[in-house]
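So this one's structure-v8.pdb, PDB, C-alpha atoms:
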```
MODEL        1
ATOM      1  CA  MET A   1      14.919  21.742  -3.071
ATOM      2  CA  GLU A   2      17.957  22.792  -5.088
ATOM      3  CA  LYS A   3      21.257  20.997  -4.745
ATOM      4  CA  GLU A   4      23.670  23.290  -2.905
ATOM      5  CA  ARG A   5      27.447  23.500  -2.929
ATOM      6  CA  HIS A   6      27.645  23.825   0.869
ATOM      7  CA  VAL A   7      25.037  24.783   3.467
ATOM      8  CA  LEU A   8      25.997  26.893   6.499
ATOM      9  CA  VAL A   9      23.497  26.952   9.372
ATOM     10  CA  VAL A  10      24.048  29.549  12.118
ATOM     11  CA  PHE A  11      21.962  29.551  15.292
ATOM     12  CA  PRO A  12      22.701  30.546  18.900
ATOM     13  CA  HIS A  13      21.261  27.615  20.858
ATOM     14  CA  PRO A  14      21.538  23.836  20.723
ATOM     15  CA  ASP A  15      17.982  22.795  19.655
ATOM     16  CA  ASP A  16      17.312  25.912  17.517
ATOM     17  CA  GLU A  17      18.080  23.740  14.507
ATOM     18  CA  ALA A  18      15.918  20.814  15.611
ATOM     19  CA  PHE A  19      12.450  22.364  15.455
ATOM     20  CA  GLY A  20      12.666  24.571  12.404
ATOM     21  CA  VAL A  21      15.277  23.235  10.036
ATOM     22  CA  SER A  22      16.424  19.709  10.916
ATOM     23  CA  GLY A  23      14.346  18.227   8.084
ATOM     24  CA  THR A  24      15.886  20.675   5.635
ATOM     25  CA  ILE A  25      19.355  19.856   6.938
ATOM     26  CA  ALA A  26      18.728  16.107   6.669
ATOM     27  CA  SER A  27      17.450  16.559   3.110
ATOM     28  CA  HIS A  28      20.615  18.410   2.084
ATOM     29  CA  VAL A  29      22.762  15.744   3.758
ATOM     30  CA  ASN A  30      20.825  13.059   1.848
ATOM     31  CA  MET A  31      21.675  14.829  -1.408
ATOM     32  CA  GLY A  32      25.343  14.601  -0.492
ATOM     33  CA  THR A  33      25.718  18.303   0.310
ATOM     34  CA  PRO A  34      28.159  19.186   3.087
ATOM     35  CA  VAL A  35      26.394  20.980   5.953
ATOM     36  CA  THR A  36      28.130  23.022   8.651
ATOM     37  CA  TYR A  37      26.217  23.931  11.792
ATOM     38  CA  ALA A  38      27.752  26.818  13.725
ATOM     39  CA  CYS A  39      26.133  27.022  17.151
ATOM     40  CA  LEU A  40      27.102  30.070  19.172
ATOM     41  CA  THR A  41      26.286  28.941  22.730
ATOM     42  CA  LEU A  42      25.684  25.792  24.752
ATOM     43  CA  GLY A  43      22.280  26.986  25.936
ATOM     44  CA  GLN A  44      23.670  27.461  29.438
ATOM     45  CA  MET A  45      20.575  29.447  30.491
ATOM     46  CA  GLY A  46      18.004  26.841  29.500
ATOM     47  CA  ARG A  47      15.142  26.588  31.968
ATOM     48  CA  ASN A  48      14.050  23.011  31.358
ATOM     49  CA  MET A  49      15.886  20.822  33.841
ATOM     50  CA  GLY A  50      13.756  17.698  33.605
ATOM     51  CA  ASN A  51      10.979  16.984  36.069
ATOM     52  CA  PRO A  52      12.128  15.786  38.549
ATOM     53  CA  PRO A  53      15.195  17.853  37.620
ATOM     54  CA  PHE A  54      18.144  15.785  36.311
ATOM     55  CA  ALA A  55      20.088  18.919  35.340
ATOM     56  CA  ASN A  56      21.253  21.933  37.308
ATOM     57  CA  ARG A  57      22.706  25.307  36.308
ATOM     58  CA  GLU A  58      26.269  24.004  36.506
ATOM     59  CA  ASN A  59      26.011  20.665  34.707
ATOM     60  CA  LEU A  60      23.512  21.855  32.070
ATOM     61  CA  PRO A  61      26.189  23.100  29.588
ATOM     62  CA  ALA A  62      27.895  19.686  29.488
ATOM     63  CA  ILE A  63      24.535  17.928  29.112
ATOM     64  CA  ARG A  64      23.453  20.220  26.290
ATOM     65  CA  LYS A  65      26.816  19.871  24.532
ATOM     66  CA  LYS A  66      26.313  16.129  24.385
ATOM     67  CA  GLU A  67      22.710  16.562  23.237
ATOM     68  CA  LEU A  68      23.889  18.886  20.461
ATOM     69  CA  LYS A  69      26.438  16.330  19.253
ATOM     70  CA  ASP A  70      23.783  13.607  19.332
ATOM     71  CA  ALA A  71      21.388  15.780  17.323
ATOM     72  CA  ALA A  72      24.106  16.572  14.760
ATOM     73  CA  ARG A  73      24.791  12.849  14.419
ATOM     74  CA  ALA A  74      21.060  12.161  13.953
ATOM     75  CA  MET A  75      20.908  14.712  11.115
ATOM     76  CA  GLY A  76      24.123  13.468   9.520
ATOM     77  CA  ILE A  77      26.014  16.732  10.092
ATOM     78  CA  ASN A  78      29.719  16.039  10.294
ATOM     79  CA  ASP A  79      30.924  19.628  10.669
ATOM     80  CA  LEU A  80      29.596  20.982  13.964
ATOM     81  CA  ARG A  81      31.207  24.206  15.196
ATOM     82  CA  MET A  82      30.670  25.221  18.802
ATOM     83  CA  LEU A  83      31.623  28.882  18.952
ATOM     84  CA  GLY A  84      31.934  29.213  22.730
ATOM     85  CA  PHE A  85      29.608  32.086  23.585
ATOM     86  CA  ARG A  86      27.365  32.184  26.637
ATOM     87  CA  ASP A  87      23.607  31.879  26.323
ATOM     88  CA  LYS A  88      21.675  35.182  26.524
ATOM     89  CA  THR A  89      24.760  37.361  26.079
ATOM     90  CA  ILE A  90      25.037  37.569  22.271
ATOM     91  CA  GLU A  91      23.296  40.959  22.057
ATOM     92  CA  PHE A  92      25.858  42.388  24.493
ATOM     93  CA  GLU A  93      28.887  41.222  22.481
ATOM     94  CA  ASP A  94      30.825  43.445  20.090
ATOM     95  CA  GLU A  95      28.870  43.602  16.828
ATOM     96  CA  ASN A  96      31.942  43.897  14.593
ATOM     97  CA  MET A  97      33.566  40.912  16.231
ATOM     98  CA  LEU A  98      30.402  38.857  15.624
ATOM     99  CA  SER A  99      30.077  39.878  11.957
ATOM    100  CA  ASN A 100      33.791  39.240  11.390
ATOM    101  CA  LEU A 101      33.365  35.773  12.835
ATOM    102  CA  MET A 102      30.473  35.132  10.431
ATOM    103  CA  SER A 103      32.516  36.537   7.533
ATOM    104  CA  SER A 104      35.388  34.200   8.336
ATOM    105  CA  LEU A 105      33.046  31.178   8.357
ATOM    106  CA  ILE A 106      31.594  32.215   4.984
ATOM    107  CA  THR A 107      35.050  32.803   3.515
ATOM    108  CA  GLU A 108      36.309  29.459   4.763
ATOM    109  CA  LEU A 109      33.307  27.358   3.718
ATOM    110  CA  ASN A 110      32.097  29.239   0.621
ATOM    111  CA  PRO A 111      28.471  28.151   1.147
ATOM    112  CA  SER A 112      25.883  28.597  -1.599
ATOM    113  CA  LEU A 113      23.163  28.776   1.087
ATOM    114  CA  VAL A 114      23.231  30.266   4.590
ATOM    115  CA  ILE A 115      20.400  29.628   7.060
ATOM    116  CA  THR A 116      19.844  31.740  10.189
ATOM    117  CA  PHE A 117      17.146  33.710  12.044
ATOM    118  CA  TYR A 118      15.432  36.702  10.416
ATOM    119  CA  PRO A 119      16.587  39.719  12.422
ATOM    120  CA  GLY A 120      13.648  41.669  13.816
ATOM    121  CA  TYR A 121      11.292  38.683  13.585
ATOM    122  CA  SER A 122      12.789  35.951  15.722
ATOM    123  CA  VAL A 123      11.737  36.803  19.313
ATOM    124  CA  HIS A 124      14.760  35.787  21.430
ATOM    125  CA  PRO A 125      17.493  38.467  21.797
ATOM    126  CA  ASP A 126      20.165  35.857  20.944
ATOM    127  CA  HIS A 127      18.260  34.920  17.761
ATOM    128  CA  GLU A 128      17.994  38.575  16.747
ATOM    129  CA  ALA A 129      21.674  39.308  17.384
ATOM    130  CA  THR A 130      22.854  36.154  15.606
ATOM    131  CA  GLY A 131      20.679  36.776  12.533
ATOM    132  CA  ALA A 132      21.805  40.403  12.414
ATOM    133  CA  ALA A 133      25.489  39.390  12.523
ATOM    134  CA  VAL A 134      24.997  36.946   9.642
ATOM    135  CA  VAL A 135      23.100  39.570   7.614
ATOM    136  CA  ARG A 136      25.915  42.113   8.130
ATOM    137  CA  ALA A 137      28.482  39.544   6.998
ATOM    138  CA  VAL A 138      26.528  38.589   3.850
ATOM    139  CA  GLU A 139      25.793  42.243   3.094
ATOM    140  CA  LYS A 140      29.532  42.956   2.832
ATOM    141  CA  ILE A 141      29.855  40.492  -0.066
ATOM    142  CA  PRO A 142      29.268  42.005  -3.535
ATOM    143  CA  GLU A 143      25.673  41.237  -4.516
ATOM    144  CA  ALA A 144      26.574  38.899  -7.400
ATOM    145  CA  ASP A 145      28.734  36.714  -5.147
ATOM    146  CA  ARG A 146      26.428  36.459  -2.151
ATOM    147  CA  PRO A 147      25.166  33.069  -0.989
ATOM    148  CA  LYS A 148      21.403  32.657  -0.710
ATOM    149  CA  LEU A 149      20.214  33.709   2.748
ATOM    150  CA  HIS A 150      17.192  31.842   4.078
ATOM    151  CA  CYS A 151      15.827  33.017   7.426
ATOM    152  CA  VAL A 152      13.578  31.479  10.062
ATOM    153  CA  ALA A 153      11.009  33.863  11.583
ATOM    154  CA  PHE A 154       8.278  33.266  14.128
ATOM    155  CA  SER A 155       7.420  36.548  15.827
ATOM    156  CA  ARG A 156       3.727  37.467  15.989
ATOM    157  CA  ASN A 157       4.135  40.110  13.308
ATOM    158  CA  CYS A 158       6.314  38.146  10.864
ATOM    159  CA  VAL A 159       3.657  37.167   8.283
ATOM    160  CA  GLU A 160       1.966  40.544   8.532
ATOM    161  CA  GLU A 161       5.200  42.420   7.836
ATOM    162  CA  LEU A 162       7.263  39.988   5.736
ATOM    163  CA  GLY A 163       4.405  38.313   3.914
ATOM    164  CA  GLU A 164       3.992  34.542   3.684
ATOM    165  CA  PRO A 165       7.281  32.603   3.708
ATOM    166  CA  ASP A 166       8.570  32.278   0.150
ATOM    167  CA  ILE A 167      10.071  28.839   0.836
ATOM    168  CA  VAL A 168       8.117  25.954   2.354
ATOM    169  CA  TYR A 169       9.648  22.485   2.291
ATOM    170  CA  ASP A 170       7.658  19.343   2.915
ATOM    171  CA  ILE A 171      10.177  17.270   4.874
ATOM    172  CA  SER A 172       7.872  14.307   5.638
ATOM    173  CA  ALA A 173      10.337  11.942   3.905
ATOM    174  CA  VAL A 174      12.847  12.650   6.689
ATOM    175  CA  ALA A 175      10.384  13.295   9.536
ATOM    176  CA  ASP A 176      11.847  10.391  11.534
ATOM    177  CA  ILE A 177      15.279  12.019  11.430
ATOM    178  CA  LYS A 178      13.732  15.294  12.545
ATOM    179  CA  LEU A 179      12.039  13.610  15.509
ATOM    180  CA  ASP A 180      15.345  11.971  16.427
ATOM    181  CA  ALA A 181      17.031  15.390  16.353
ATOM    182  CA  ILE A 182      14.314  16.862  18.568
ATOM    183  CA  ARG A 183      14.550  13.871  20.922
ATOM    184  CA  ALA A 184      18.326  14.254  21.167
ATOM    185  CA  HIS A 185      17.806  17.553  23.009
ATOM    186  CA  ARG A 186      16.254  15.617  25.842
ATOM    187  CA  SER A 187      16.707  18.190  28.617
ATOM    188  CA  GLN A 188      14.744  20.727  26.598
ATOM    189  CA  THR A 189      12.225  18.629  24.683
ATOM    190  CA  GLU A 190      11.228  15.724  26.921
ATOM    191  CA  LEU A 191       8.196  17.508  28.397
ATOM    192  CA  MET A 192       7.021  18.799  25.034
ATOM    193  CA  LEU A 193       7.393  15.407  23.353
ATOM    194  CA  GLU A 194       5.394  13.771  26.119
ATOM    195  CA  GLU A 195       2.533  16.155  25.353
ATOM    196  CA  MET A 196       2.913  15.480  21.630
ATOM    197  CA  ALA A 197       3.206  11.694  21.806
ATOM    198  CA  ASP A 198      -0.532  10.959  21.572
ATOM    199  CA  LYS A 199      -1.089  13.526  18.852
ATOM    200  CA  LEU A 200       1.688  11.970  16.795
ATOM    201  CA  LYS A 201       0.240   8.506  17.316
ATOM    202  CA  GLU A 202      -3.219   9.688  16.204
ATOM    203  CA  LYS A 203      -1.588  11.474  13.263
ATOM    204  CA  ASP A 204      -3.179  14.748  14.340
ATOM    205  CA  PRO A 205      -3.104  16.951  11.196
ATOM    206  CA  LYS A 206      -2.006  20.102  13.021
ATOM    207  CA  THR A 207       0.916  18.362  14.713
ATOM    208  CA  LEU A 208       1.959  16.644  11.494
ATOM    209  CA  ALA A 209       1.825  19.954   9.610
ATOM    210  CA  TRP A 210       3.995  21.530  12.306
ATOM    211  CA  ILE A 211       6.546  18.736  11.985
ATOM    212  CA  ASN A 212       6.460  18.303   8.202
ATOM    213  CA  ASN A 213       6.610  21.895   6.962
ATOM    214  CA  GLU A 214       9.738  23.994   7.306
ATOM    215  CA  ARG A 215       9.353  27.638   6.360
ATOM    216  CA  PHE A 216      11.906  30.236   5.344
ATOM    217  CA  TRP A 217      11.938  33.815   4.192
ATOM    218  CA  THR A 218      14.618  34.854   1.712
ATOM    219  CA  TYR A 219      16.289  37.840   3.352
ATOM    220  CA  LYS A 220      15.383  41.160   1.713
ATOM    221  CA  PHE A 221      18.420  43.432   1.606
ATOM    222  CA  SER A 222      17.331  47.057   1.566
TER     223      SER A 222
ATOM    224  CA  MET B   1      18.711  17.983  42.471
ATOM    225  CA  ASP B   2      16.620  17.074  45.498
ATOM    226  CA  PRO B   3      13.762  18.897  47.238
ATOM    227  CA  VAL B   4      15.161  21.187  49.921
ATOM    228  CA  ILE B   5      16.062  19.579  53.257
ATOM    229  CA  LEU B   6      16.357  22.590  55.544
ATOM    230  CA  SER B   7      18.946  21.160  57.921
ATOM    231  CA  GLU B   8      21.290  20.078  55.121
ATOM    232  CA  VAL B   9      21.081  23.397  53.310
ATOM    233  CA  GLN B  10      21.548  25.368  56.531
ATOM    234  CA  GLU B  11      24.595  23.266  57.398
ATOM    235  CA  ALA B  12      26.101  23.952  53.978
ATOM    236  CA  LEU B  13      25.370  27.677  54.253
ATOM    237  CA  ASP B  14      27.121  27.780  57.640
ATOM    238  CA  ARG B  15      30.142  25.985  56.237
ATOM    239  CA  PHE B  16      30.870  28.875  53.827
ATOM    240  CA  LYS B  17      30.484  31.539  56.534
ATOM    241  CA  GLU B  18      33.400  34.010  56.952
ATOM    242  CA  ARG B  19      35.137  32.660  53.842
ATOM    243  CA  GLU B  20      35.675  34.286  50.469
ATOM    244  CA  VAL B  21      33.107  32.697  48.167
ATOM    245  CA  TYR B  22      31.781  33.153  44.638
ATOM    246  CA  ILE B  23      28.084  33.714  44.128
ATOM    247  CA  HIS B  24      25.848  32.933  41.173
ATOM    248  CA  LEU B  25      22.420  34.515  41.434
ATOM    249  CA  GLU B  26      19.774  34.618  38.727
ATOM    250  CA  THR B  27      16.076  34.997  38.219
ATOM    251  CA  THR B  28      14.436  34.393  34.879
ATOM    252  CA  ASN B  29      11.107  33.919  33.119
ATOM    253  CA  GLY B  30      12.732  32.773  29.911
ATOM    254  CA  ALA B  31      12.973  34.788  26.720
ATOM    255  CA  TYR B  32       9.651  33.512  25.370
ATOM    256  CA  ALA B  33       7.481  34.647  28.292
ATOM    257  CA  SER B  34       6.201  37.782  26.571
ATOM    258  CA  HIS B  35       5.977  36.008  23.189
ATOM    259  CA  ASN B  36       3.702  33.350  24.656
ATOM    260  CA  ASN B  37       1.666  35.815  26.717
ATOM    261  CA  GLU B  38       1.695  39.429  25.611
ATOM    262  CA  SER B  39       0.344  40.665  28.935
ATOM    263  CA  PHE B  40       3.289  39.116  30.788
ATOM    264  CA  PHE B  41       5.957  41.534  31.974
ATOM    265  CA  SER B  42       9.232  39.702  31.536
ATOM    266  CA  SER B  43      12.105  40.486  33.876
ATOM    267  CA  GLY B  44      15.219  38.786  35.119
ATOM    268  CA  ALA B  45      18.601  39.394  36.711
ATOM    269  CA  TYR B  46      21.890  37.561  36.561
ATOM    270  CA  ILE B  47      25.202  37.873  38.365
ATOM    271  CA  ARG B  48      27.955  35.300  38.056
ATOM    272  CA  ASN B  49      31.109  35.052  40.138
ATOM    273  CA  ALA B  50      30.472  37.949  42.494
ATOM    274  CA  LYS B  51      33.083  37.548  45.249
ATOM    275  CA  VAL B  52      31.715  38.031  48.750
ATOM    276  CA  THR B  53      32.279  37.060  52.354
ATOM    277  CA  TYR B  54      29.139  36.674  54.440
ATOM    278  CA  GLU B  55      28.766  36.816  58.185
ATOM    279  CA  ARG B  56      25.479  34.966  58.434
ATOM    280  CA  ALA B  57      23.164  33.016  56.160
ATOM    281  CA  LYS B  58      19.768  31.486  56.608
ATOM    282  CA  ILE B  59      17.252  29.431  54.685
ATOM    283  CA  THR B  60      13.706  29.902  55.887
ATOM    284  CA  GLY B  61      10.026  29.619  54.977
ATOM    285  CA  GLU B  62       7.673  26.704  54.497
ATOM    286  CA  GLY B  63       8.502  26.015  50.875
ATOM    287  CA  PRO B  64       9.234  27.371  48.446
ATOM    288  CA  PHE B  65      12.011  28.721  50.657
ATOM    289  CA  ARG B  66      13.849  32.010  50.996
ATOM    290  CA  THR B  67      17.606  32.261  51.465
ATOM    291  CA  GLY B  68      19.489  35.358  52.638
ATOM    292  CA  LEU B  69      23.218  36.057  53.051
ATOM    293  CA  LYS B  70      24.316  39.017  55.183
ATOM    294  CA  ILE B  71      27.422  40.578  53.607
ATOM    295  CA  PRO B  72      29.475  43.353  55.251
ATOM    296  CA  LEU B  73      27.576  46.291  53.716
ATOM    297  CA  GLY B  74      24.437  44.630  52.436
ATOM    298  CA  TRP B  75      22.500  41.520  51.523
ATOM    299  CA  VAL B  76      22.133  38.829  48.916
ATOM    300  CA  TYR B  77      18.867  36.929  48.834
ATOM    301  CA  ALA B  78      16.743  34.656  46.705
ATOM    302  CA  GLU B  79      13.079  33.714  46.978
ATOM    303  CA  GLY B  80      11.322  30.665  45.550
ATOM    304  CA  ILE B  81      13.956  28.014  46.307
ATOM    305  CA  THR B  82      12.626  24.455  45.928
ATOM    306  CA  HIS B  83      15.659  22.233  45.238
ATOM    307  CA  PHE B  84      19.248  21.844  46.353
ATOM    308  CA  GLU B  85      22.372  19.918  45.549
ATOM    309  CA  ILE B  86      25.873  19.820  46.971
ATOM    310  CA  ASP B  87      27.788  18.884  43.846
ATOM    311  CA  ASP B  88      31.003  16.907  43.399
ATOM    312  CA  LYS B  89      32.993  20.140  43.762
ATOM    313  CA  GLY B  90      31.439  20.871  47.154
ATOM    314  CA  ARG B  91      29.406  23.775  45.792
ATOM    315  CA  LEU B  92      25.964  24.528  47.186
ATOM    316  CA  LEU B  93      23.476  24.793  44.316
ATOM    317  CA  LEU B  94      20.045  26.121  45.198
ATOM    318  CA  ALA B  95      17.308  26.336  42.581
ATOM    319  CA  GLY B  96      13.650  27.236  42.388
ATOM    320  CA  HIS B  97      11.638  25.350  39.787
ATOM    321  CA  ASP B  98       8.197  26.611  38.799
ATOM    322  CA  PHE B  99       5.060  24.462  38.584
ATOM    323  CA  ASN B 100       6.160  23.112  35.183
ATOM    324  CA  GLY B 101       9.599  22.208  36.489
ATOM    325  CA  LYS B 102      11.317  25.118  34.739
ATOM    326  CA  LEU B 103      14.113  26.968  36.481
ATOM    327  CA  ALA B 104      12.908  30.315  37.859
ATOM    328  CA  VAL B 105      15.643  31.270  40.319
ATOM    329  CA  ALA B 106      19.127  30.036  41.236
ATOM    330  CA  LEU B 107      21.501  30.897  44.066
ATOM    331  CA  GLU B 108      24.823  29.091  44.142
ATOM    332  CA  ILE B 109      27.828  29.366  46.426
ATOM    333  CA  SER B 110      31.329  28.110  45.665
ATOM    334  CA  GLU B 111      34.839  28.551  47.051
ATOM    335  CA  THR B 112      36.239  28.521  43.500
ATOM    336  CA  PRO B 113      34.973  30.608  40.566
ATOM    337  CA  PHE B 114      32.140  29.140  38.504
ATOM    338  CA  GLU B 115      33.164  28.241  34.932
TER     339      GLU B 115
ENDMDL
END
```
In structure tokens, how does this file's structure come out?
Amino acid sequence: MEKERHVLVVFPHPDDEAFGVSGTIASHVNMGTPVTYACLTLGQMGRNMGNPPFANRENLPAIRKKELKDAARAMGINDLRMLGFRDKTIEFEDENMLSNLMSSLITELNPSLVITFYPGYSVHPDHEATGAAVVRAVEKIPEADRPKLHCVAFSRNCVEELGEPDIVYDISAVADIKLDAIRAHRSQTELMLEEMADKLKEKDPKTLAWINNERFWTYKFS
Amino acid sequence: MDPVILSEVQEALDRFKEREVYIHLETTNGAYASHNNESFFSSGAYIRNAKVTYERAKITGEGPFRTGLKIPLGWVYAEGITHFEIDDKGRLLLAGHDFNGKLAVALEISETPFE
């Protein structure tokens, strides 16, 4: 993993960072690189409420805001930006406004690496719209000055169409931090972690591979 | 939230009768439904802060429950309600959680706009 000047991570939902990139984030933090996480929404439309439910539609945003701050603390992120959008509405927002917002973050922070979702290959409409806004913002920068753009993809057709990810990090050295970040999003991850607990204890190879490998595709500008 | 107690929910519904109230109504399968199961047809609907005045309201069924509000020129209803809560702002929050505990439907009534 190269040492970066500044890493900017842009995702729409609290917990998007935890599964796919929290090990990468923690590794950059450990190298002393400043990391900014810009999170567009508070995941107000999350469906996991705990079982029995400890959250409801109206108190979920406050719960998830706290979980997001806890996760950021676990990863060592000290610049967390909550951008104030509502879950599941990003694709309906004004596209220019979104790209301008991304441009202003890039101008302010001057990151050498930006991480987001790969538009077209990231399943959730908020993921697609967020990744597309970041791509439009980076595209506007003259090619020689652009930061690296690493994208997370997980649609069924992503490997078939994009090829294998060109970046795979083994983050096992910081796997504990990653698990803490996942755990911090309790309302969303409690059920899943319960199912995973035994597999983790037995060191099930599939589960460990899922935790320890973080995969990115360098964005291909056409 | 607690499992629905019919009498408590009905009492709350009656309390908002003939008053201007704000409604939140949503159904959802989650954005990953079709990703996880390609044969699943994903649909949902969402309305927040619709202002209505209803003349009657009823919760009925044997659980999961159905709730209907009769408004001057039409109806608002939700099916699949399993849980309720009257929160610290006096709002009636009704929710339907599926067999995994995930939210599937919500119908909420408040005298002040939802945030």
Residues proximal to (23.4, 15.4, -0.4) were defined as those with any atom within 12 Å of that point in the file's coordinates, counting all atoms listed in the file. Which are they, as a VMD selection string?
chain A and resid 1 to 7 24 to 35 75 to 77
Select from stretch 5-46 of chain B every residue with an atom at most 10 Å from any atom of stretch 46-50 of chain A, then for each give the shortest pair of atoms and their distance in Å to one decimal, using all atoms listed in the file, rows by chain and rising number, as a Markdown table.
```
| residue | atom | partner | partner_atom | distance |
| --- | --- | --- | --- | --- |
| B:Thr28 | CA | A:Arg47 | CA | 8.4 |
| B:Asn29 | CA | A:Arg47 | CA | 8.4 |
| B:Gly30 | CA | A:Arg47 | CA | 6.9 |
| B:Ala31 | CA | A:Gly46 | CA | 9.8 |
```
Each residue of chain B lying at most 8 Å from chain A should get a row with its shortest atom-to-atom pair and the distance in Å to one decimal, counting all atoms listed in the file; could you produce that, ordered by chain and increasing number, as a tab-separated table?
```
residue	atom	partner	partner_atom	distance
B:Met1	CA	A:Pro53	CA	6.0
B:Gly30	CA	A:Arg47	CA	6.9
B:Ala31	CA	A:His124	CA	5.7
B:Tyr32	CA	A:His124	CA	6.8
B:His35	CA	A:Val123	CA	7.0
B:Leu93	CA	A:Asn56	CA	7.9
B:Ala95	CA	A:Asn56	CA	7.9
B:Asn100	CA	A:Asn51	CA	7.8
B:Gly101	CA	A:Asn51	CA	5.4
B:Lys102	CA	A:Asn48	CA	4.8
B:Leu103	CA	A:Arg47	CA	4.6
B:Ala104	CA	A:Arg47	CA	7.3
B:Ala106	CA	A:Arg57	CA	7.7
```
Matched chain/residue IDs from the PyMOL selection byres ((chain A and resi 36) around 6), as a PyMOL selection string
chain A and resi 8+35+37+79-80
From A:Thr218, A:Gln44, A:Ser122, A:Asn212, residue lying nearest A:Glu164 [all atoms listed in the file]:
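The closest residue to A:Glu164 is A:Thr218.
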Within 10 Å of B:Gly61 using all atoms listed in the file, minus same-chain residues under 6 positions, as a PyMOL selection string:
chain B and resi 6+67+79-81
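Taking all atoms listed in the file into account, A:Ile167 lies nearest to A:Glu214 out of the set A:Glu91, A:Glu67, A:Asp15, A:Glu214.
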Could you list, as a compact mmCIF listing (two decimals) with C-alpha atoms, in the coordinates of the input, every residue within 10 Å of B:Pro64, counting all atoms listed in the file and ignoring same-chain residues fewer than 5 positions away?
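Result file part-v9.txt:
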```
# COMPACT_ATOMS: atom_id res chain seq x y z
CA PRO B 3 13.76 18.90 47.24
CA VAL B 4 15.16 21.19 49.92
CA GLU B 79 13.08 33.71 46.98
CA GLY B 80 11.32 30.66 45.55
CA ILE B 81 13.96 28.01 46.31
CA THR B 82 12.63 24.46 45.93
CA HIS B 83 15.66 22.23 45.24
CA GLY B 96 13.65 27.24 42.39
CA HIS B 97 11.64 25.35 39.79
CA ASP B 98 8.20 26.61 38.80
```
Would you mind putting back N, CA and C atoms on stretch 203-216 of chain A, then writing it out as a compact mmCIF listing (two decimals), keeping the file's coordinate frame?
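Saved as rebuild-v7.txt:
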```txt
# COMPACT_ATOMS: atom_id res chain seq x y z
N LYS A 203 -1.86 10.72 14.50
CA LYS A 203 -1.59 11.47 13.26
C LYS A 203 -2.43 12.74 13.19
N ASP A 204 -2.46 13.48 14.27
CA ASP A 204 -3.18 14.75 14.34
C ASP A 204 -2.65 15.69 13.25
N PRO A 205 -3.56 16.18 12.37
CA PRO A 205 -3.10 16.95 11.20
C PRO A 205 -2.29 18.20 11.56
N LYS A 206 -2.70 18.88 12.63
CA LYS A 206 -2.01 20.10 13.02
C LYS A 206 -0.55 19.81 13.44
N THR A 207 -0.42 18.74 14.25
CA THR A 207 0.92 18.36 14.71
C THR A 207 1.79 17.91 13.55
N LEU A 208 1.19 17.12 12.65
CA LEU A 208 1.96 16.64 11.49
C LEU A 208 2.38 17.81 10.60
N ALA A 209 1.48 18.78 10.43
CA ALA A 209 1.82 19.95 9.61
C ALA A 209 2.98 20.71 10.25
N TRP A 210 2.95 20.82 11.57
CA TRP A 210 4.00 21.53 12.31
C TRP A 210 5.35 20.83 12.12
N ILE A 211 5.31 19.50 12.16
CA ILE A 211 6.55 18.74 11.98
C ILE A 211 7.01 18.78 10.53
N ASN A 212 6.08 18.59 9.59
CA ASN A 212 6.46 18.30 8.20
C ASN A 212 6.78 19.52 7.34
N ASN A 213 6.36 20.71 7.79
CA ASN A 213 6.61 21.90 6.96
C ASN A 213 7.68 22.77 7.59
N GLU A 214 8.71 23.07 6.84
CA GLU A 214 9.74 23.99 7.31
C GLU A 214 9.70 25.23 6.42
N ARG A 215 9.64 26.39 7.09
CA ARG A 215 9.35 27.64 6.36
C ARG A 215 10.51 28.62 6.48
N PHE A 216 10.82 29.25 5.37
CA PHE A 216 11.91 30.24 5.34
C PHE A 216 11.49 31.47 4.56
```
